[in-house]
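Heads up, work.cif below (mmCIF, C-alpha atoms):
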```
data_data
loop_
_atom_site.label_atom_id
_atom_site.label_comp_id
_atom_site.auth_asym_id
_atom_site.auth_seq_id
_atom_site.Cartn_x
_atom_site.Cartn_y
_atom_site.Cartn_z
CA MET P 1 10.79 4.60 -19.55
CA PRO P 2 7.25 5.02 -20.98
CA LEU P 3 4.33 3.70 -19.00
CA GLY P 4 3.00 0.36 -20.14
CA ARG P 5 -0.62 -0.71 -20.27
CA LEU P 6 -0.45 -2.28 -16.80
CA GLU P 7 0.88 0.91 -15.18
CA ILE P 8 -1.74 3.07 -16.93
CA LEU P 9 -4.50 0.65 -15.88
CA THR P 10 -3.25 0.76 -12.27
CA VAL P 11 -3.38 4.57 -12.21
CA LEU P 12 -6.88 4.60 -13.67
CA VAL P 13 -8.07 2.06 -11.09
CA LEU P 14 -6.62 4.12 -8.25
CA LEU P 15 -8.30 7.21 -9.63
CA SER P 16 -11.59 5.44 -10.09
CA PRO P 17 -14.27 6.08 -7.46
CA MET P 18 -15.34 2.43 -7.71
CA PHE P 19 -11.97 1.48 -6.20
CA TRP P 20 -12.58 3.61 -3.11
CA ARG P 21 -16.32 3.10 -2.65
CA GLY P 22 -17.19 1.71 0.76
CA ARG P 23 -13.71 2.18 2.20
CA SER P 24 -13.15 3.88 5.54
CA VAL P 25 -12.41 7.59 5.53
CA PRO P 26 -10.03 9.23 8.05
CA MET P 27 -11.59 11.48 10.67
CA ASP P 28 -9.99 14.56 9.11
CA SER P 29 -11.33 13.78 5.65
CA ALA P 30 -13.08 16.51 3.73
CA VAL P 31 -16.52 15.67 2.35
CA PHE P 32 -17.56 16.94 -1.03
CA PRO P 33 -21.23 16.37 -2.04
CA CYS P 34 -21.92 15.91 -5.73
CA LEU P 35 -25.09 15.57 -7.77
CA HIS P 36 -26.21 11.98 -7.35
CA GLN P 37 -23.73 10.00 -5.30
CA TRP P 38 -20.68 10.31 -3.07
CA TYR P 39 -17.27 8.99 -3.97
CA ILE P 40 -13.98 8.57 -2.14
CA VAL P 41 -10.85 9.74 -3.92
CA ARG P 42 -7.85 9.90 -1.62
CA TRP P 43 -4.38 11.19 -2.28
CA PRO P 44 -1.65 12.21 0.20
CA GLY P 45 -2.44 15.57 1.70
CA SER P 46 -5.96 15.78 0.39
CA VAL P 47 -9.04 13.61 0.65
CA ILE P 48 -12.17 13.87 -1.46
CA SER P 49 -15.05 11.95 -0.03
CA VAL P 50 -18.11 11.30 -2.18
CA GLN P 51 -20.35 8.56 -0.85
CA GLY P 52 -24.13 7.92 -0.68
CA ALA P 53 -26.75 10.23 -2.10
CA GLY P 54 -26.16 13.94 -2.31
CA THR P 55 -27.52 17.00 -4.02
CA GLY P 56 -26.32 20.28 -5.33
CA GLY P 57 -22.78 21.25 -6.14
CA LEU P 58 -20.57 22.62 -3.41
CA VAL P 59 -17.24 24.34 -3.87
CA ARG P 60 -14.82 23.51 -1.04
CA GLU P 61 -11.05 23.86 -0.87
CA ASP P 62 -11.02 24.85 -4.54
CA ILE P 63 -12.33 21.42 -5.51
CA VAL P 64 -15.56 21.49 -7.48
CA CYS P 65 -17.89 18.50 -7.51
CA GLU P 66 -19.89 19.15 -10.62
CA SER P 67 -21.30 15.76 -11.54
CA LEU P 68 -20.77 12.04 -11.38
CA GLU P 69 -19.32 12.10 -14.86
CA SER P 70 -16.08 13.68 -13.58
CA PRO P 71 -14.59 11.40 -10.88
CA LEU P 72 -11.35 11.21 -12.86
CA ARG P 73 -11.19 14.99 -12.89
CA LEU P 74 -11.62 15.06 -9.11
CA GLY P 75 -8.82 12.56 -8.68
CA LEU P 76 -6.52 14.51 -10.97
CA ILE P 77 -7.20 17.72 -9.05
CA ALA P 78 -6.39 16.00 -5.76
CA PHE P 79 -3.27 14.44 -7.25
CA SER P 80 -2.19 17.85 -8.55
CA LYS P 81 -2.47 19.27 -5.04
CA SER P 82 -0.27 16.45 -3.78
CA LEU P 83 2.29 17.19 -6.50
CA LEU P 84 2.38 20.82 -5.41
CA SER P 85 2.86 19.69 -1.81
CA SER P 86 5.83 17.51 -2.82
CA LEU P 87 7.30 20.37 -4.85
CA ARG P 88 6.96 22.64 -1.82
CA ASP P 89 8.94 20.14 0.24
CA LEU P 90 11.74 20.17 -2.34
CA ILE P 91 11.93 23.97 -2.65
CA PRO P 92 14.56 24.37 0.16
CA ILE P 93 16.88 21.90 -1.59
CA ILE P 94 16.39 23.62 -4.94
CA ALA P 95 17.00 27.04 -3.33
CA VAL P 96 20.27 25.93 -1.69
CA ILE P 97 21.62 24.40 -4.90
CA GLY P 98 20.56 27.42 -6.96
CA LEU P 99 22.07 29.89 -4.46
CA PHE P 100 25.46 28.17 -4.37
CA GLN P 101 25.44 27.70 -8.14
CA ALA P 102 24.84 31.42 -8.67
CA ALA P 103 26.83 32.92 -5.79
CA VAL P 104 29.76 30.51 -5.35
CA VAL P 105 30.24 28.43 -8.50
CA ARG P 106 29.18 31.34 -10.77
CA ALA P 107 28.83 29.18 -13.83
CA PRO P 108 25.88 28.15 -15.97
CA MET P 109 24.22 25.00 -14.74
CA PRO P 110 25.11 22.13 -17.09
CA GLU P 111 22.39 20.11 -18.82
CA VAL P 112 19.51 22.24 -17.58
CA ALA P 113 16.94 20.24 -19.54
CA SER P 114 18.13 16.96 -18.01
CA ILE P 115 18.11 18.46 -14.51
CA MET P 116 14.57 19.83 -14.92
CA THR P 117 13.37 16.46 -16.23
CA GLY P 118 14.93 14.74 -13.25
CA LEU P 119 13.29 17.24 -10.89
CA VAL P 120 9.88 16.52 -12.38
CA LEU P 121 10.44 12.79 -11.99
CA VAL P 122 11.54 13.28 -8.37
CA VAL P 123 8.37 15.24 -7.56
CA ILE P 124 6.14 12.61 -9.16
CA GLY P 125 8.07 9.77 -7.55
CA LEU P 126 7.95 11.38 -4.11
CA THR P 127 4.20 11.90 -4.41
CA LEU P 128 3.57 8.30 -5.44
CA PHE P 129 5.96 7.04 -2.75
CA VAL P 130 4.13 8.90 0.03
CA TYR P 131 0.84 7.70 -1.38
CA GLY P 132 2.14 4.12 -1.38
CA LEU P 133 3.19 4.44 2.26
CA GLU P 134 -0.24 5.68 3.30
CA MET P 135 -2.08 3.12 1.24
CA GLY P 136 0.11 0.05 1.70
CA LEU P 137 3.05 -0.09 4.10
CA PHE P 138 1.60 1.74 7.10
CA PRO P 139 -1.70 -0.22 7.09
CA ILE P 140 0.16 -3.52 6.65
CA GLY P 141 2.40 -2.90 9.65
CA GLU P 142 -0.43 -1.76 11.89
CA SER P 143 -2.82 -4.54 10.86
CA MET P 144 -0.17 -7.21 11.47
CA ALA P 145 0.56 -5.76 14.91
CA HIS P 146 -3.14 -5.78 15.81
CA ALA P 147 -3.51 -9.35 14.51
CA PHE P 148 -0.60 -10.69 16.56
CA ALA P 149 -1.81 -8.82 19.65
CA ARG P 150 -5.24 -10.44 19.30
CA LYS P 151 -3.64 -13.84 18.73
CA GLY P 152 -1.81 -13.51 22.04
CA SER P 153 1.27 -15.49 20.97
CA VAL P 154 4.50 -13.81 22.06
CA PHE P 155 6.57 -16.37 20.12
CA TRP P 156 4.95 -15.60 16.78
CA LEU P 157 5.04 -11.85 17.48
CA MET P 158 8.78 -12.01 18.15
CA THR P 159 9.33 -14.23 15.12
CA PHE P 160 7.47 -11.78 12.92
CA ALA P 161 9.37 -8.82 14.42
CA PHE P 162 12.74 -10.44 13.69
CA ALA P 163 11.74 -11.52 10.19
CA LEU P 164 10.39 -8.04 9.41
CA GLY P 165 13.58 -6.33 10.57
CA PHE P 166 15.81 -8.80 8.74
CA ALA P 167 13.89 -8.79 5.46
CA THR P 168 13.44 -5.02 5.19
CA THR P 169 17.12 -4.41 5.96
CA ILE P 170 18.61 -6.97 3.62
CA ALA P 171 16.64 -5.34 0.79
CA GLU P 172 17.58 -1.78 1.77
CA PRO P 173 19.15 -0.02 -1.26
CA ALA P 174 21.27 2.27 0.94
CA LEU P 175 22.75 -0.71 2.78
CA ILE P 176 23.58 -2.44 -0.50
CA ALA P 177 25.40 0.68 -1.68
CA ILE P 178 27.47 1.12 1.47
CA ALA P 179 28.28 -2.62 1.61
CA ASN P 180 29.61 -2.47 -1.95
CA GLU P 181 31.72 0.58 -1.11
CA ALA P 182 33.05 -1.16 2.00
CA ALA P 183 34.00 -4.16 -0.13
CA GLU P 184 35.98 -1.89 -2.48
CA MET P 185 37.74 -0.37 0.51
CA ALA P 186 38.59 -3.81 1.87
CA VAL P 187 40.11 -4.73 -1.50
CA ARG P 188 42.31 -1.62 -1.45
CA GLU P 189 43.38 -2.39 2.13
CA GLY P 190 44.29 -5.92 1.07
CA THR P 191 41.94 -7.65 3.53
CA VAL P 192 39.79 -9.10 0.71
CA ALA P 193 40.90 -10.77 -2.49
CA ASP P 194 40.66 -8.57 -5.56
CA THR P 195 38.07 -10.75 -7.25
CA ALA P 196 34.35 -10.50 -7.94
CA GLU P 197 33.74 -13.38 -5.53
CA GLY P 198 35.76 -11.70 -2.80
CA ARG P 199 33.88 -8.42 -3.15
CA ALA P 200 30.50 -10.14 -3.28
CA GLY P 201 31.26 -12.28 -0.25
CA TYR P 202 32.41 -9.33 1.86
CA SER P 203 29.42 -7.23 0.81
CA LEU P 204 26.95 -10.02 1.52
CA GLY P 205 28.54 -10.76 4.89
CA LEU P 206 28.23 -7.13 5.95
CA ARG P 207 24.61 -6.98 4.81
CA LEU P 208 23.75 -10.15 6.72
CA VAL P 209 25.37 -8.83 9.89
CA VAL P 210 23.43 -5.56 9.67
CA ALA P 211 20.18 -7.40 8.87
CA LEU P 212 20.68 -9.66 11.89
CA ALA P 213 21.31 -6.57 13.99
CA VAL P 214 18.11 -4.87 12.88
CA GLY P 215 16.08 -8.05 13.37
CA THR P 216 17.45 -8.28 16.92
CA ALA P 217 16.71 -4.58 17.44
CA ILE P 218 13.06 -4.96 16.45
CA VAL P 219 12.69 -7.95 18.79
CA LEU P 220 14.22 -5.90 21.60
CA GLY P 221 11.95 -2.96 20.79
CA VAL P 222 8.83 -5.12 20.75
CA LEU P 223 9.86 -6.68 24.05
CA ARG P 224 10.28 -3.19 25.48
CA ILE P 225 6.72 -2.31 24.42
CA LEU P 226 5.36 -5.49 25.98
CA LYS P 227 7.25 -5.00 29.25
CA GLY P 228 6.99 -1.23 29.43
CA TRP P 229 10.74 -0.70 29.89
CA PRO P 230 12.02 2.91 29.78
CA LEU P 231 13.44 3.67 26.36
CA HIS P 232 16.18 6.07 27.39
CA TYR P 233 17.95 3.59 29.69
CA LEU P 234 18.33 1.09 26.86
CA ILE P 235 19.47 3.69 24.33
CA ILE P 236 22.00 5.31 26.67
CA GLY P 237 23.39 1.91 27.68
CA GLY P 238 23.69 0.90 24.04
CA TYR P 239 25.66 3.99 23.05
CA VAL P 240 27.95 3.60 26.06
CA LEU P 241 28.69 0.08 24.78
CA VAL P 242 29.35 1.44 21.27
CA MET P 243 31.85 3.98 22.60
CA ALA P 244 33.61 1.30 24.62
CA MET P 245 33.80 -1.10 21.67
CA THR P 246 35.16 1.64 19.40
CA SER P 247 38.41 1.56 21.34
CA PHE P 248 38.96 -2.12 20.52
CA ALA P 249 37.54 -2.41 17.00
CA PRO P 250 39.76 -2.13 13.89
CA PRO P 251 39.95 1.56 12.89
CA GLU P 252 38.83 0.84 9.32
CA MET P 253 35.58 -0.72 10.60
CA VAL P 254 34.56 2.12 12.91
CA GLY P 255 33.28 4.42 10.18
CA ILE P 256 31.51 1.56 8.42
CA ALA P 257 29.84 0.55 11.68
CA TYR P 258 28.60 4.06 12.38
CA ASP P 259 27.32 4.51 8.83
CA SER P 260 25.57 1.14 9.00
CA GLY P 261 23.44 2.50 11.80
CA GLY P 262 22.25 5.30 9.55
CA VAL P 263 21.54 3.45 6.32
CA THR P 264 19.22 0.96 8.02
CA THR P 265 16.68 3.70 8.71
CA SER P 266 15.74 4.41 5.13
CA THR P 267 12.81 4.12 2.76
CA ILE P 268 11.80 0.50 3.30
CA THR P 269 12.55 -0.13 6.97
CA VAL P 270 11.14 2.99 8.61
CA PRO P 271 7.49 2.82 7.44
CA LEU P 272 6.94 -0.83 8.31
CA VAL P 273 8.81 -0.76 11.62
CA THR P 274 7.13 2.46 12.75
CA ALA P 275 3.69 1.11 11.87
CA LEU P 276 4.48 -2.11 13.76
CA GLY P 277 5.43 -0.24 16.92
CA VAL P 278 2.46 2.14 16.86
CA GLY P 279 0.01 -0.64 16.03
CA LEU P 280 1.33 -2.87 18.80
CA ALA P 281 1.26 -0.10 21.41
CA SER P 282 -2.30 0.74 20.36
CA SER P 283 -3.37 -2.88 20.83
CA ILE P 284 -1.96 -3.39 24.34
CA GLN P 285 -3.94 -2.09 27.27
CA GLY P 286 -2.02 0.42 29.36
CA ARG P 287 0.37 1.42 26.55
CA ASN P 288 0.41 4.89 25.02
CA PRO P 289 1.17 4.84 21.27
CA ALA P 290 2.83 8.26 21.49
CA LEU P 291 5.13 7.16 24.33
CA ASP P 292 5.58 3.44 23.73
CA GLY P 293 4.90 3.08 20.01
CA PHE P 294 7.98 4.92 18.86
CA GLY P 295 11.59 4.03 19.54
CA LEU P 296 12.00 0.97 17.33
CA ILE P 297 13.90 3.04 14.79
CA ALA P 298 16.34 4.12 17.52
CA PHE P 299 17.11 0.47 18.25
CA ALA P 300 17.44 -0.20 14.51
CA SER P 301 20.09 2.53 14.32
CA LEU P 302 21.95 1.41 17.43
CA THR P 303 22.36 -2.34 17.13
CA PRO P 304 24.01 -2.36 13.66
CA MET P 305 26.89 -0.34 15.09
CA ILE P 306 27.40 -2.92 17.83
CA PHE P 307 27.12 -5.89 15.49
CA VAL P 308 29.41 -4.45 12.81
CA LEU P 309 32.07 -3.54 15.40
CA ILE P 310 31.95 -7.13 16.67
CA TYR P 311 32.12 -8.33 13.06
CA GLY P 312 35.26 -6.24 12.54
CA MET P 313 36.89 -7.68 15.65
CA ILE P 314 36.19 -11.23 14.50
CA LEU P 315 37.57 -10.63 11.04
#
```

So, in terms of structure tokens, how does the structure I just supplied come out?
Amino acid sequence: MPLGRLEILTVLVLLSPMFWRGRSVPMDSAVFPCLHQWYIVRWPGSVISVQGAGTGGLVREDIVCESLESPLRLGLIAFSKSLLSSLRDLIPIIAVIGLFQAAVVRAPMPEVASIMTGLVLVVIGLTLFVYGLEMGLFPIGESMAHAFARKGSVFWLMTFAFALGFATTIAEPALIAIANEAAEMAVREGTVADTAEGRAGYSLGLRLVVALAVGTAIVLGVLRILKGWPLHYLIIGGYVLVMAMTSFAPPEMVGIAYDSGGVTTSTITVPLVTALGVGLASSIQGRNPALDGFGLIAFASLTPMIFVLIYGMIL
């Protein structure tokens, strides 16, 4: 799909130094002095900082600040470095597929042009996705955690935690896919009517159960951060409960329950939930973000298994 005017304008704004002027720069940012002024152009994996008055022209990390007339060029260079970083992350996957295609399948790869086009789109999409996480989702989660910690209301913090877990999970593409597949399986097993309404109802019910589970998990995780409870006791106890419930749950629901625990920790849920935990632990005196800030994702993987197994027993 070609880019429209709005998308092109958005990219130009993000590349524009005026967009970044006056914004905070991370401690590990690189500073690049240019002729008359400093700008900030930030992309994942590389930061160009140009702010205030400067002189000269300094070459650093292969990025040349030649003049103020080339901020777009600086942004494109930084973005190119991020693209190369994303491509480097995908090289192992490409190598494995290429090796098996050449050594095991021993056949020409079909539709090479289409595959290469898709690879380019994946690299660009991954770069923009990581950039969006750094620019949007992580700051939102951390800022909300700091705001609720300053407000001092446990009720509203818990309400926000549940709503965040529920909303991010119900919109999770991976969960939608597995819920639809589970509905098809239920139709073949004869437990759901072979109609569009039957499939949609089963799929929606499963998604709601998993979303409720993740919302409860985030509340439990936030409560653990507030109280300082040991993480491993809760996790071990939860998995012991899962193993016990597996013996009583319908066999056809066991696999769905286990997979539900995995699909909830995907592209939408993880960034916001992680940022919430780290931001909250950073805001509470006596809590270590490295020790107490993480662990919410573990709860988000555990509780859906419990809830879906219960859901299978009820059905």

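The residue that comes closest to Ser301 in chain P, out of P:Tyr239, P:Phe79, P:Phe248, P:Phe160 and on the basis of only C-alpha atoms, is P:Tyr239.
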
Step by step, work through what the PyMOL selection byres ((chain P and resi 250) around 10) selects in the shown file, and finish by giving those residues as a PyMOL selection string. chain P and resi 245-249+251-255+309-315

Select, from P:Ala167, P:Leu90, P:Val308, P:Leu126, the residue with the minimum atom-to-atom distance to Ala182 in chain P, counting all atoms listed in the file. P:Val308

As JSON, please report the centre and edge lengths, rounded to one decimal in Å, of the axis-aligned box that holds all listed atoms of range 281-286 of chain P with 8 Å of padding on each of the six sides.
```
{"center_x": -1.3, "center_y": -1.3, "center_z": 24.9, "size_x": 21.2, "size_y": 20.1, "size_z": 25.0}
```

Hey, can you check how far CA of Met243 in chain P sits from CA of Gly295 in chain P? 20.5 Å

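Pairwise distance (CA of Gln101 in chain P, CA of Val123 in chain P) equals 21.1 Å.
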
Contact table range 165-243 of chain P vs range 271-282 of chain P, cut-off 10 Å, shortest pair per residue, all atoms listed in the file, as a tab-separated table:
```
residue	atom	partner	partner_atom	distance
P:Gly165	CA	P:Val273	CA	7.4
P:Thr168	CA	P:Leu272	CA	8.3
P:Ile218	CA	P:Val273	CA	7.7
P:Gly221	CA	P:Gly277	CA	8.1
P:Val222	CA	P:Gly277	CA	7.1
P:Ile225	CA	P:Ala281	CA	6.6
P:Leu226	CA	P:Ala281	CA	8.2
P:Gly228	CA	P:Ala281	CA	9.9
```

Output file for the residues above (C-alpha atoms, as an mmCIF file, in the frame of the given file):
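Result went into again_30.cif, see below:
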```cif
data_model
loop_
_atom_site.group_PDB
_atom_site.id
_atom_site.type_symbol
_atom_site.label_atom_id
_atom_site.label_comp_id
_atom_site.auth_asym_id
_atom_site.auth_seq_id
_atom_site.Cartn_x
_atom_site.Cartn_y
_atom_site.Cartn_z
ATOM 1 C CA GLY P 165 13.580 -6.330 10.570
ATOM 2 C CA THR P 168 13.440 -5.020 5.190
ATOM 3 C CA ILE P 218 13.060 -4.960 16.450
ATOM 4 C CA GLY P 221 11.950 -2.960 20.790
ATOM 5 C CA VAL P 222 8.830 -5.120 20.750
ATOM 6 C CA ILE P 225 6.720 -2.310 24.420
ATOM 7 C CA LEU P 226 5.360 -5.490 25.980
ATOM 8 C CA GLY P 228 6.990 -1.230 29.430
#
```

By how many Å are CA of Val214 in chain P and CA of Gly198 in chain P apart? 24.6 Å

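Candidate residues P:Val210, P:Val219, P:Ala257, P:Ile94 were compared for distance to Ile115 in chain P, and the nearest is P:Ile94, using only C-alpha atoms.
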
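Within 10 Å of Ile235 in chain P, once only C-alpha atoms are used and residues closer than 5 positions along the same chain are dropped, the contacting residues are P:Pro230, P:Val240, P:Leu241, P:Gly295, P:Ala298, P:Phe299, P:Leu302, P:Thr303.
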
Output check: residues returned by the PyMOL selection byres ((chain P and resi 84) around 12), as a PDB file with C-alpha atoms, in the coordinates of the input:
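Output file selection38.pdb is given in full below:
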```pdb
ATOM      1  CA  PRO P  44      -1.650  12.210   0.200  1.00  0.00           C
ATOM      2  CA  GLY P  45      -2.440  15.570   1.700  1.00  0.00           C
ATOM      3  CA  SER P  46      -5.960  15.780   0.390  1.00  0.00           C
ATOM      4  CA  ILE P  77      -7.200  17.720  -9.050  1.00  0.00           C
ATOM      5  CA  ALA P  78      -6.390  16.000  -5.760  1.00  0.00           C
ATOM      6  CA  PHE P  79      -3.270  14.440  -7.250  1.00  0.00           C
ATOM      7  CA  SER P  80      -2.190  17.850  -8.550  1.00  0.00           C
ATOM      8  CA  LYS P  81      -2.470  19.270  -5.040  1.00  0.00           C
ATOM      9  CA  SER P  82      -0.270  16.450  -3.780  1.00  0.00           C
ATOM     10  CA  LEU P  83       2.290  17.190  -6.500  1.00  0.00           C
ATOM     11  CA  SER P  85       2.860  19.690  -1.810  1.00  0.00           C
ATOM     12  CA  SER P  86       5.830  17.510  -2.820  1.00  0.00           C
ATOM     13  CA  LEU P  87       7.300  20.370  -4.850  1.00  0.00           C
ATOM     14  CA  ARG P  88       6.960  22.640  -1.820  1.00  0.00           C
ATOM     15  CA  ASP P  89       8.940  20.140   0.240  1.00  0.00           C
ATOM     16  CA  LEU P  90      11.740  20.170  -2.340  1.00  0.00           C
ATOM     17  CA  ILE P  91      11.930  23.970  -2.650  1.00  0.00           C
ATOM     18  CA  VAL P 120       9.880  16.520 -12.380  1.00  0.00           C
ATOM     19  CA  VAL P 123       8.370  15.240  -7.560  1.00  0.00           C
ATOM     20  CA  ILE P 124       6.140  12.610  -9.160  1.00  0.00           C
ATOM     21  CA  LEU P 126       7.950  11.380  -4.110  1.00  0.00           C
ATOM     22  CA  THR P 127       4.200  11.900  -4.410  1.00  0.00           C
TER      23      THR P 127
END
```
